[in-house]
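Coordinates from entry31.txt are shown below (compact mmCIF, C-alpha atoms).
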```txt
# COMPACT_ATOMS: atom_id res chain seq x y z
CA MET A 1 88.47 90.85 117.02
CA HIS A 2 85.94 92.22 114.53
CA ASP A 3 82.98 90.40 116.03
CA GLN A 4 83.52 91.85 119.49
CA PRO A 5 81.22 94.63 120.73
CA LEU A 6 82.64 98.11 121.16
CA ALA A 7 82.88 97.83 124.94
CA GLU A 8 85.29 94.90 124.62
CA ASN A 9 87.68 96.85 122.40
CA SER A 10 89.11 99.37 124.80
CA LEU A 11 91.85 101.70 123.63
CA VAL A 12 95.20 100.96 125.26
CA ILE A 13 97.98 103.57 125.23
CA ALA A 14 101.13 103.02 127.26
CA GLY A 15 99.31 100.55 129.50
CA ARG A 16 96.38 102.90 130.12
CA HIS A 17 92.92 101.64 129.15
CA PHE A 18 90.21 103.95 127.79
CA LYS A 19 86.61 103.29 126.79
CA SER A 20 86.26 106.54 124.85
CA ARG A 21 88.14 106.93 121.58
CA LEU A 22 87.62 110.68 121.42
CA MET A 23 90.27 112.96 122.92
CA VAL A 24 89.48 116.64 123.30
CA GLY A 25 91.47 119.84 123.72
CA THR A 26 90.72 122.69 126.10
CA GLY A 27 91.58 125.75 124.02
CA LYS A 28 89.36 128.30 122.22
CA TYR A 29 86.23 127.96 124.40
CA ARG A 30 84.50 131.08 125.69
CA ASP A 31 85.21 130.24 129.31
CA PHE A 32 85.97 127.37 131.66
CA ASP A 33 82.30 126.64 132.18
CA GLU A 34 81.80 125.99 128.48
CA THR A 35 84.98 123.91 128.47
CA SER A 36 83.69 121.77 131.31
CA ARG A 37 80.28 121.19 129.72
CA ALA A 38 81.76 120.33 126.33
CA LEU A 39 84.20 117.84 127.82
CA GLU A 40 81.44 116.15 129.75
CA ALA A 41 79.19 115.94 126.68
CA SER A 42 82.00 114.46 124.58
CA GLY A 43 82.45 111.54 126.92
CA THR A 44 86.20 111.92 126.60
CA GLU A 45 88.59 110.46 129.13
CA VAL A 46 91.72 112.16 127.80
CA VAL A 47 92.04 115.95 127.81
CA THR A 48 94.91 117.75 126.14
CA PHE A 49 96.15 121.26 126.84
CA ALA A 50 99.06 123.47 125.79
CA VAL A 51 101.52 123.68 128.68
CA ARG A 52 102.92 127.00 127.48
CA ARG A 53 99.49 128.65 127.25
CA THR A 54 97.68 127.20 130.24
CA ASN A 55 97.66 128.24 133.87
CA LEU A 56 98.08 125.11 136.01
CA ILE A 57 98.82 126.88 139.28
CA HIS A 58 96.01 127.83 141.65
CA SER A 59 95.93 131.61 141.97
CA ALA A 60 93.57 134.17 143.42
CA HIS A 61 93.97 136.28 140.27
CA GLU A 62 93.62 133.67 137.53
CA PRO A 63 91.61 130.42 137.46
CA SER A 64 93.50 127.17 137.01
CA LEU A 65 92.58 124.62 134.36
CA LEU A 66 92.90 121.93 137.01
CA GLU A 67 89.89 123.43 138.79
CA VAL A 68 87.80 122.40 135.77
CA VAL A 69 89.71 119.41 134.42
CA SER A 70 90.45 117.34 137.47
CA PRO A 71 93.09 114.58 137.22
CA ASP A 72 90.62 112.51 139.26
CA CYS A 73 88.13 112.62 136.37
CA TYR A 74 90.32 112.82 133.27
CA THR A 75 93.70 111.61 132.06
CA LEU A 76 95.68 114.77 131.37
CA LEU A 77 97.66 115.02 128.15
CA PRO A 78 99.95 118.06 128.29
CA ASN A 79 101.13 119.07 124.82
CA THR A 80 103.99 121.13 123.43
CA ALA A 81 101.95 123.41 121.16
CA GLY A 82 103.90 126.54 120.32
CA CYS A 83 107.28 124.80 120.22
CA TYR A 84 109.34 125.10 117.04
CA ASP A 85 112.42 123.06 117.93
CA ALA A 86 113.29 119.91 119.85
CA HIS A 87 114.95 121.76 122.73
CA ALA A 88 111.84 123.82 123.51
CA ALA A 89 109.57 120.78 123.24
CA VAL A 90 111.69 118.66 125.59
CA ARG A 91 111.92 121.49 128.10
CA THR A 92 108.14 121.98 127.98
CA CYS A 93 107.49 118.30 128.67
CA LYS A 94 109.84 118.37 131.64
CA LEU A 95 108.04 121.43 132.99
CA ALA A 96 104.70 119.62 132.66
CA ARG A 97 106.08 116.60 134.52
CA GLU A 98 107.26 118.83 137.33
CA LEU A 99 103.98 120.76 137.59
CA LEU A 100 101.89 117.56 137.46
CA ASP A 101 103.85 115.61 140.08
CA GLY A 102 105.66 113.21 137.80
CA HIS A 103 102.98 112.75 135.13
CA ASN A 104 104.80 111.30 132.10
CA LEU A 105 102.15 110.95 129.35
CA VAL A 106 102.66 113.80 126.88
CA LYS A 107 101.65 114.86 123.40
CA LEU A 108 104.70 115.94 121.44
CA GLU A 109 104.26 118.44 118.65
CA VAL A 110 107.10 120.41 117.10
CA LEU A 111 105.86 122.88 114.51
CA GLY A 112 107.56 123.97 111.31
CA ASP A 113 106.16 127.48 110.93
CA GLU A 114 103.39 129.73 112.18
CA THR A 115 101.53 129.85 108.86
CA THR A 116 100.81 126.13 108.37
CA LEU A 117 101.55 124.72 111.84
CA TYR A 118 102.79 121.71 109.89
CA PRO A 119 105.05 119.39 111.90
CA ASN A 120 108.80 119.82 111.68
CA VAL A 121 109.63 116.14 111.25
CA ILE A 122 113.38 116.47 111.84
CA GLU A 123 112.95 118.26 115.17
CA THR A 124 110.08 115.94 116.12
CA LEU A 125 112.30 112.88 115.70
CA LYS A 126 115.02 114.49 117.84
CA ALA A 127 112.62 115.41 120.61
CA ALA A 128 110.88 112.03 120.56
CA GLU A 129 114.13 110.14 120.97
CA GLU A 130 115.23 112.29 123.90
CA LEU A 131 111.86 112.17 125.67
CA VAL A 132 111.51 108.40 125.37
CA LYS A 133 115.01 107.94 126.81
CA ASP A 134 113.99 110.20 129.69
CA GLY A 135 111.02 108.00 130.59
CA PHE A 136 108.15 109.84 128.94
CA ASP A 137 105.22 108.09 127.27
CA VAL A 138 105.14 110.04 124.03
CA MET A 139 102.11 110.45 121.80
CA VAL A 140 103.42 112.29 118.76
CA TYR A 141 101.84 114.66 116.22
CA THR A 142 103.36 114.04 112.82
CA SER A 143 102.86 114.26 109.07
CA ASP A 144 100.96 111.60 107.17
CA ASP A 145 104.23 110.04 105.93
CA PRO A 146 104.15 106.26 106.64
CA ILE A 147 107.96 106.06 106.84
CA VAL A 148 108.18 108.81 109.45
CA ALA A 149 105.38 107.17 111.44
CA LEU A 150 107.29 103.88 111.52
CA GLU A 151 110.46 105.64 112.63
CA LEU A 152 108.64 107.36 115.49
CA GLU A 153 107.29 103.99 116.57
CA ARG A 154 110.78 102.52 116.36
CA LEU A 155 112.07 105.28 118.64
CA GLY A 156 109.53 104.18 121.27
CA CYS A 157 106.56 106.52 120.87
CA CYS A 158 103.44 104.95 122.37
CA ALA A 159 101.08 106.42 119.73
CA VAL A 160 101.50 108.15 116.38
CA MET A 161 99.15 110.97 115.47
CA PRO A 162 99.21 111.96 111.79
CA LEU A 163 97.35 115.09 110.80
CA GLY A 164 94.21 114.80 108.70
CA SER A 165 94.78 118.34 107.44
CA LEU A 166 96.24 121.54 108.86
CA ILE A 167 95.59 122.33 112.52
CA GLY A 168 92.35 124.26 112.97
CA SER A 169 91.49 124.12 109.26
CA GLY A 170 88.47 121.83 109.51
CA CYS A 171 89.32 120.43 106.05
CA GLY A 172 88.98 116.80 107.07
CA ILE A 173 91.23 113.93 106.02
CA GLN A 174 93.01 115.03 102.86
CA ASN A 175 94.98 111.84 102.26
CA PRO A 176 93.07 108.78 103.49
CA HIS A 177 95.36 106.46 101.49
CA ASN A 178 98.42 107.50 103.51
CA ILE A 179 96.49 107.23 106.76
CA ARG A 180 95.50 103.69 105.83
CA LEU A 181 99.14 102.82 105.04
CA ILE A 182 100.18 104.07 108.47
CA ILE A 183 97.46 102.04 110.17
CA GLU A 184 98.35 98.86 108.28
CA ARG A 185 102.02 99.04 109.34
CA ALA A 186 101.74 100.38 112.87
CA ASN A 187 102.02 98.30 116.02
CA VAL A 188 100.99 101.21 118.25
CA PRO A 189 97.71 103.15 118.28
CA VAL A 190 97.17 105.57 115.38
CA LEU A 191 95.10 108.70 116.04
CA ILE A 192 94.02 111.43 113.66
CA ASP A 193 95.23 114.70 115.15
CA ALA A 194 94.25 117.96 113.45
CA GLY A 195 91.91 118.88 110.64
CA ILE A 196 88.67 117.19 111.67
CA GLY A 197 85.79 119.63 111.21
CA SER A 198 82.59 117.60 111.29
CA PRO A 199 81.18 114.41 112.81
CA SER A 200 81.18 112.72 109.38
CA GLU A 201 84.94 113.30 109.14
CA ALA A 202 85.47 111.87 112.61
CA ALA A 203 83.44 108.82 111.62
CA LEU A 204 85.52 108.42 108.46
CA ALA A 205 88.73 108.44 110.49
CA MET A 206 87.40 105.60 112.61
CA GLU A 207 86.08 103.69 109.58
CA LEU A 208 89.59 103.83 108.09
CA GLY A 209 90.77 101.96 111.17
CA CYS A 210 92.16 104.77 113.33
CA ASP A 211 92.24 103.89 117.00
CA ALA A 212 91.02 107.30 118.13
CA VAL A 213 90.56 110.93 117.13
CA LEU A 214 91.85 114.05 118.85
CA MET A 215 90.18 117.39 118.24
CA ASN A 216 89.64 120.86 119.65
CA SER A 217 88.62 123.46 117.05
CA ALA A 218 85.81 121.35 115.57
CA ILE A 219 84.02 121.49 118.91
CA ALA A 220 85.14 124.84 120.31
CA HIS A 221 84.45 126.79 117.10
CA SER A 222 80.94 125.41 116.69
CA PRO A 223 78.17 127.89 117.53
CA ARG A 224 76.95 125.21 119.97
CA PRO A 225 80.08 123.50 121.33
CA VAL A 226 78.31 121.28 123.85
CA GLN A 227 75.92 119.92 121.24
CA MET A 228 78.78 119.40 118.79
CA ALA A 229 80.80 117.57 121.45
CA ARG A 230 77.92 115.15 121.86
CA ALA A 231 77.69 114.71 118.08
CA MET A 232 81.42 113.95 117.88
CA LYS A 233 81.08 111.34 120.62
CA LEU A 234 78.36 109.53 118.67
CA ALA A 235 80.27 109.83 115.38
CA VAL A 236 83.42 108.26 116.79
CA GLU A 237 81.42 105.43 118.33
CA ALA A 238 79.53 104.83 115.06
CA GLY A 239 82.72 104.89 113.01
CA ARG A 240 84.39 102.38 115.29
CA GLU A 241 81.41 100.04 115.19
CA ALA A 242 81.33 100.30 111.38
CA TYR A 243 85.03 99.45 111.17
CA LEU A 244 84.58 96.41 113.40
CA ALA A 245 81.50 95.27 111.46
CA GLY A 246 83.16 95.64 108.08
CA ARG A 247 81.96 97.55 105.05
CA MET A 248 80.00 95.84 102.27
CA PRO A 249 82.05 95.38 99.09
CA ARG A 250 81.68 97.96 96.33
CA LYS A 251 80.19 96.64 93.09
CA ASP A 252 80.01 97.87 89.53
CA HIS A 253 76.42 96.79 89.12
CA ALA A 254 73.12 96.84 90.97
CA GLU A 255 72.03 93.97 93.16
CA ALA A 256 68.46 93.72 94.43
CA SER A 257 67.99 93.59 98.17
CA SER A 258 65.52 90.74 97.81
CA PRO A 259 66.27 87.62 95.73
CA ARG A 260 64.12 86.81 92.68
CA ALA A 261 63.74 83.17 93.68
CA GLY A 262 60.27 82.45 95.01
CA CYS A 263 58.72 85.63 93.64
CA ILE A 264 55.02 85.58 92.83
CA THR A 265 54.75 85.71 89.06
CA ALA A 266 52.20 87.81 87.23
CA ILE A 267 49.19 85.90 85.85
```
Hey, can you dump this file as structure tokens for me?
Amino acid sequence: MHDQPLAENSLVIAGRHFKSRLMVGTGKYRDFDETSRALEASGTEVVTFAVRRTNLIHSAHEPSLLEVVSPDCYTLLPNTAGCYDAHAAVRTCKLARELLDGHNLVKLEVLGDETTLYPNVIETLKAAEELVKDGFDVMVYTSDDPIVALELERLGCCAVMPLGSLIGSGCGIQNPHNIRLIIERANVPVLIDAGIGSPSEAALAMELGCDAVLMNSAIAHSPRPVQMARAMKLAVEAGREAYLAGRMPRKDHAEASSPRAGCITAI
């Protein structure tokens, strides 16, 4: 696997194949035009949006997200942002499926409180179990607890998405050791969801072995979102290539780049 070029290592989630390993949200941009340009620059194929905060219905008074993010161009990933219990999250996913003509790929997130937006693991597990039984393909936002990640996989989630740090914080990956433990044990794709603030942090996520990265604030809050979207695209690609190539081993001593054998000796 590691000697294959990037193009031959497509991301597969619930039977769907993607060339891009960067997923991007639609919130916090100045307007739909900026959203559209940033998405295009990112090269993303998967676009997530909060069902409870997004207008999906064509109206003369309010523009619809679907006018900018066409299902013909992107795979839509409705999410349950703003839900604080399993009941609300399940209901939101069912609403999204109805509005999107049976679309069943969703991002589940059940939050613990408004201050940290940290996942409520107990309610997340409840909602995940119910949604999977109801035929949804569930990508799930969770803590960086390896045991919880395994349980979500066992329940049938098609991807686990541990946070790097708090949503919108831009603090990067605070616990790379736990992320690596999740990756080593998982049999489904692992994506960093939340906390990425810079291209170097996105690259690190991929170098750790993550299958993809999902972000919104890091792009939308940049003074130049379109340029940052392009930078994130390149960072994710570089990080993936580095992971496939393999890092050189760390050493406790120096080692010259050129061997001493055959050197011209001083006269």
Handout entry: Residue among A:Leu11, A:Leu105, A:Leu111, A:Ala229 lying closest to Asp134 (chain A), counting only C-alpha atoms
Key =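 Using only C-alpha atoms, the shortest distance to Asp134 (chain A) belongs to A:Leu105.
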What are the closest atom pairs, with distances in Å to one decimal, for each residue of region 77-111 of chain A lying within 6 Å of region 44-54 of chain A, using all atoms listed in the file, rows by chain and rising residue number, as JSON lines?
```
{"residue": "A:Leu77", "atom": "CA", "partner": "A:Thr48", "partner_atom": "CA", "distance": 4.4}
{"residue": "A:Pro78", "atom": "CA", "partner": "A:Phe49", "partner_atom": "CA", "distance": 5.2}
{"residue": "A:Asn79", "atom": "CA", "partner": "A:Ala50", "partner_atom": "CA", "distance": 5.0}
{"residue": "A:Thr80", "atom": "CA", "partner": "A:Ala50", "partner_atom": "CA", "distance": 5.9}
{"residue": "A:Ala81", "atom": "CA", "partner": "A:Ala50", "partner_atom": "CA", "distance": 5.5}
```
Practice task
Can you pull out every residue within 8 Å of Met161 (chain A), counting only C-alpha atoms, but drop anything in the same chain fewer than 5 positions away, and send it as a list of chain:residue names?
Solution key: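 The neighbour list is A:Met139, A:Val140, A:Tyr141, A:Thr142, A:Val190, A:Leu191, A:Ile192, A:Asp193.
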Using all atoms listed in the file, which protein or nucleic acid residues come within 12 Å of Leu108 (chain A)? Drop anything in the same chain fewer than 6 positions from it, and give the result as an mmCIF file with C-alpha atoms, in the frame of the given file.
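Result file is result_9.cif:
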```
data_model
loop_
_atom_site.group_PDB
_atom_site.id
_atom_site.type_symbol
_atom_site.label_atom_id
_atom_site.label_comp_id
_atom_site.auth_asym_id
_atom_site.auth_seq_id
_atom_site.Cartn_x
_atom_site.Cartn_y
_atom_site.Cartn_z
ATOM 1 C CA THR A 48 94.910 117.750 126.140
ATOM 2 C CA PHE A 49 96.150 121.260 126.840
ATOM 3 C CA ALA A 50 99.060 123.470 125.790
ATOM 4 C CA VAL A 51 101.520 123.680 128.680
ATOM 5 C CA LEU A 77 97.660 115.020 128.150
ATOM 6 C CA PRO A 78 99.950 118.060 128.290
ATOM 7 C CA ASN A 79 101.130 119.070 124.820
ATOM 8 C CA THR A 80 103.990 121.130 123.430
ATOM 9 C CA ALA A 81 101.950 123.410 121.160
ATOM 10 C CA GLY A 82 103.900 126.540 120.320
ATOM 11 C CA CYS A 83 107.280 124.800 120.220
ATOM 12 C CA TYR A 84 109.340 125.100 117.040
ATOM 13 C CA ASP A 85 112.420 123.060 117.930
ATOM 14 C CA ALA A 86 113.290 119.910 119.850
ATOM 15 C CA HIS A 87 114.950 121.760 122.730
ATOM 16 C CA ALA A 88 111.840 123.820 123.510
ATOM 17 C CA ALA A 89 109.570 120.780 123.240
ATOM 18 C CA VAL A 90 111.690 118.660 125.590
ATOM 19 C CA ARG A 91 111.920 121.490 128.100
ATOM 20 C CA THR A 92 108.140 121.980 127.980
ATOM 21 C CA CYS A 93 107.490 118.300 128.670
ATOM 22 C CA LYS A 94 109.840 118.370 131.640
ATOM 23 C CA ALA A 96 104.700 119.620 132.660
ATOM 24 C CA PRO A 119 105.050 119.390 111.900
ATOM 25 C CA ASN A 120 108.800 119.820 111.680
ATOM 26 C CA VAL A 121 109.630 116.140 111.250
ATOM 27 C CA GLU A 123 112.950 118.260 115.170
ATOM 28 C CA THR A 124 110.080 115.940 116.120
ATOM 29 C CA LEU A 125 112.300 112.880 115.700
ATOM 30 C CA LYS A 126 115.020 114.490 117.840
ATOM 31 C CA ALA A 127 112.620 115.410 120.610
ATOM 32 C CA ALA A 128 110.880 112.030 120.560
ATOM 33 C CA GLU A 129 114.130 110.140 120.970
ATOM 34 C CA GLU A 130 115.230 112.290 123.900
ATOM 35 C CA LEU A 131 111.860 112.170 125.670
ATOM 36 C CA VAL A 132 111.510 108.400 125.370
ATOM 37 C CA PHE A 136 108.150 109.840 128.940
ATOM 38 C CA ASP A 137 105.220 108.090 127.270
ATOM 39 C CA VAL A 138 105.140 110.040 124.030
ATOM 40 C CA MET A 139 102.110 110.450 121.800
ATOM 41 C CA VAL A 140 103.420 112.290 118.760
ATOM 42 C CA TYR A 141 101.840 114.660 116.220
ATOM 43 C CA THR A 142 103.360 114.040 112.820
ATOM 44 C CA LEU A 152 108.640 107.360 115.490
ATOM 45 C CA CYS A 157 106.560 106.520 120.870
ATOM 46 C CA CYS A 158 103.440 104.950 122.370
ATOM 47 C CA ALA A 159 101.080 106.420 119.730
ATOM 48 C CA VAL A 160 101.500 108.150 116.380
ATOM 49 C CA MET A 161 99.150 110.970 115.470
ATOM 50 C CA PRO A 162 99.210 111.960 111.790
ATOM 51 C CA ASP A 193 95.230 114.700 115.150
#
```
Practice task
Would you mind telling me which residue in A:Cys171, A:Ala149, A:Cys73, A:Met232 lies nearest to Leu214 (chain A) when using only C-alpha atoms?
Solution key: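 Looking only at the distances to Leu214 (chain A), the closest residue turns out to be A:Met232.
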Problem - Residue nearest Arg21 (chain A) among A:Gly135, A:Asp113, A:Ser42, A:Val148 (counting all atoms listed in the file) - result: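 Smallest separation from Arg21 (chain A) among the options: A:Ser42.
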Contacts of Pro71 (chain A) at 10 Å or less, counting all atoms listed in the file, minus same-chain residues fewer than 3 places along, as a compact mmCIF listing (two decimals) with C-alpha atoms, keeping the file's coordinate frame?
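Written output follows (around24.txt):
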```txt
# COMPACT_ATOMS: atom_id res chain seq x y z
CA VAL A 46 91.72 112.16 127.80
CA VAL A 47 92.04 115.95 127.81
CA LEU A 66 92.90 121.93 137.01
CA GLU A 67 89.89 123.43 138.79
CA VAL A 68 87.80 122.40 135.77
CA TYR A 74 90.32 112.82 133.27
CA THR A 75 93.70 111.61 132.06
CA LEU A 76 95.68 114.77 131.37
CA LEU A 100 101.89 117.56 137.46
```
Handout entry: Nearest candidate to Gly209 (chain A) (options A:Pro176, A:Gly27, A:Gly195, A:Pro223; using only C-alpha atoms)
Key =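 The answer is A:Pro176, which sits nearest to Gly209 (chain A).
For the choices A:Gly239, A:Asp211, A:Glu153, A:Ala203, the atom-to-atom distance to Asn9 (chain A) is smallest for A:Asp211 when using all atoms listed in the file.
Nearest residue to Tyr118 (chain A) among A:Leu155, A:Leu150, A:His103, A:Ser165 is A:Ser165, counting all atoms listed in the file.
Counting from CA of His17 (chain A), the distance to CA of His177 (chain A) is 28.2 Å.
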Exercise for the section: Calculate how many Å separate CA of Phe32 (chain A) from CA of Ser20 (chain A), rounding to one decimal. Expected result: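 That distance, rounded to one decimal, is 21.9 Å.
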Problem - Distance of CA of Asn187 (chain A) from CA of Val110 (chain A), expressed in Å to one decimal place - result: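 Taking CA of Val110 (chain A) and CA of Asn187 (chain A), their separation equals 22.7 Å.
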Exercise for the section: Identify, on the basis of all atoms listed in the file, every residue whose closest approach to Asn178 (chain A) does not exceed 9 Å; exclude the query and any residue fewer than 6 positions from it along the same chain; express the result as a ChimeraX atom specification. Expected result: /A:144-146
Give, as lines of an AutoDock Vina configuration file, the centre coordinates and the x, y and z edge lengths in Å to one decimal for an axis-aligned box around all listed atoms of region 182-201 of chain A, padded by 5 Å on each side.
```
center_x = 91.6
center_y = 109.0
center_z = 113.3
size_x = 30.8
size_y = 31.3
size_z = 20.0
```
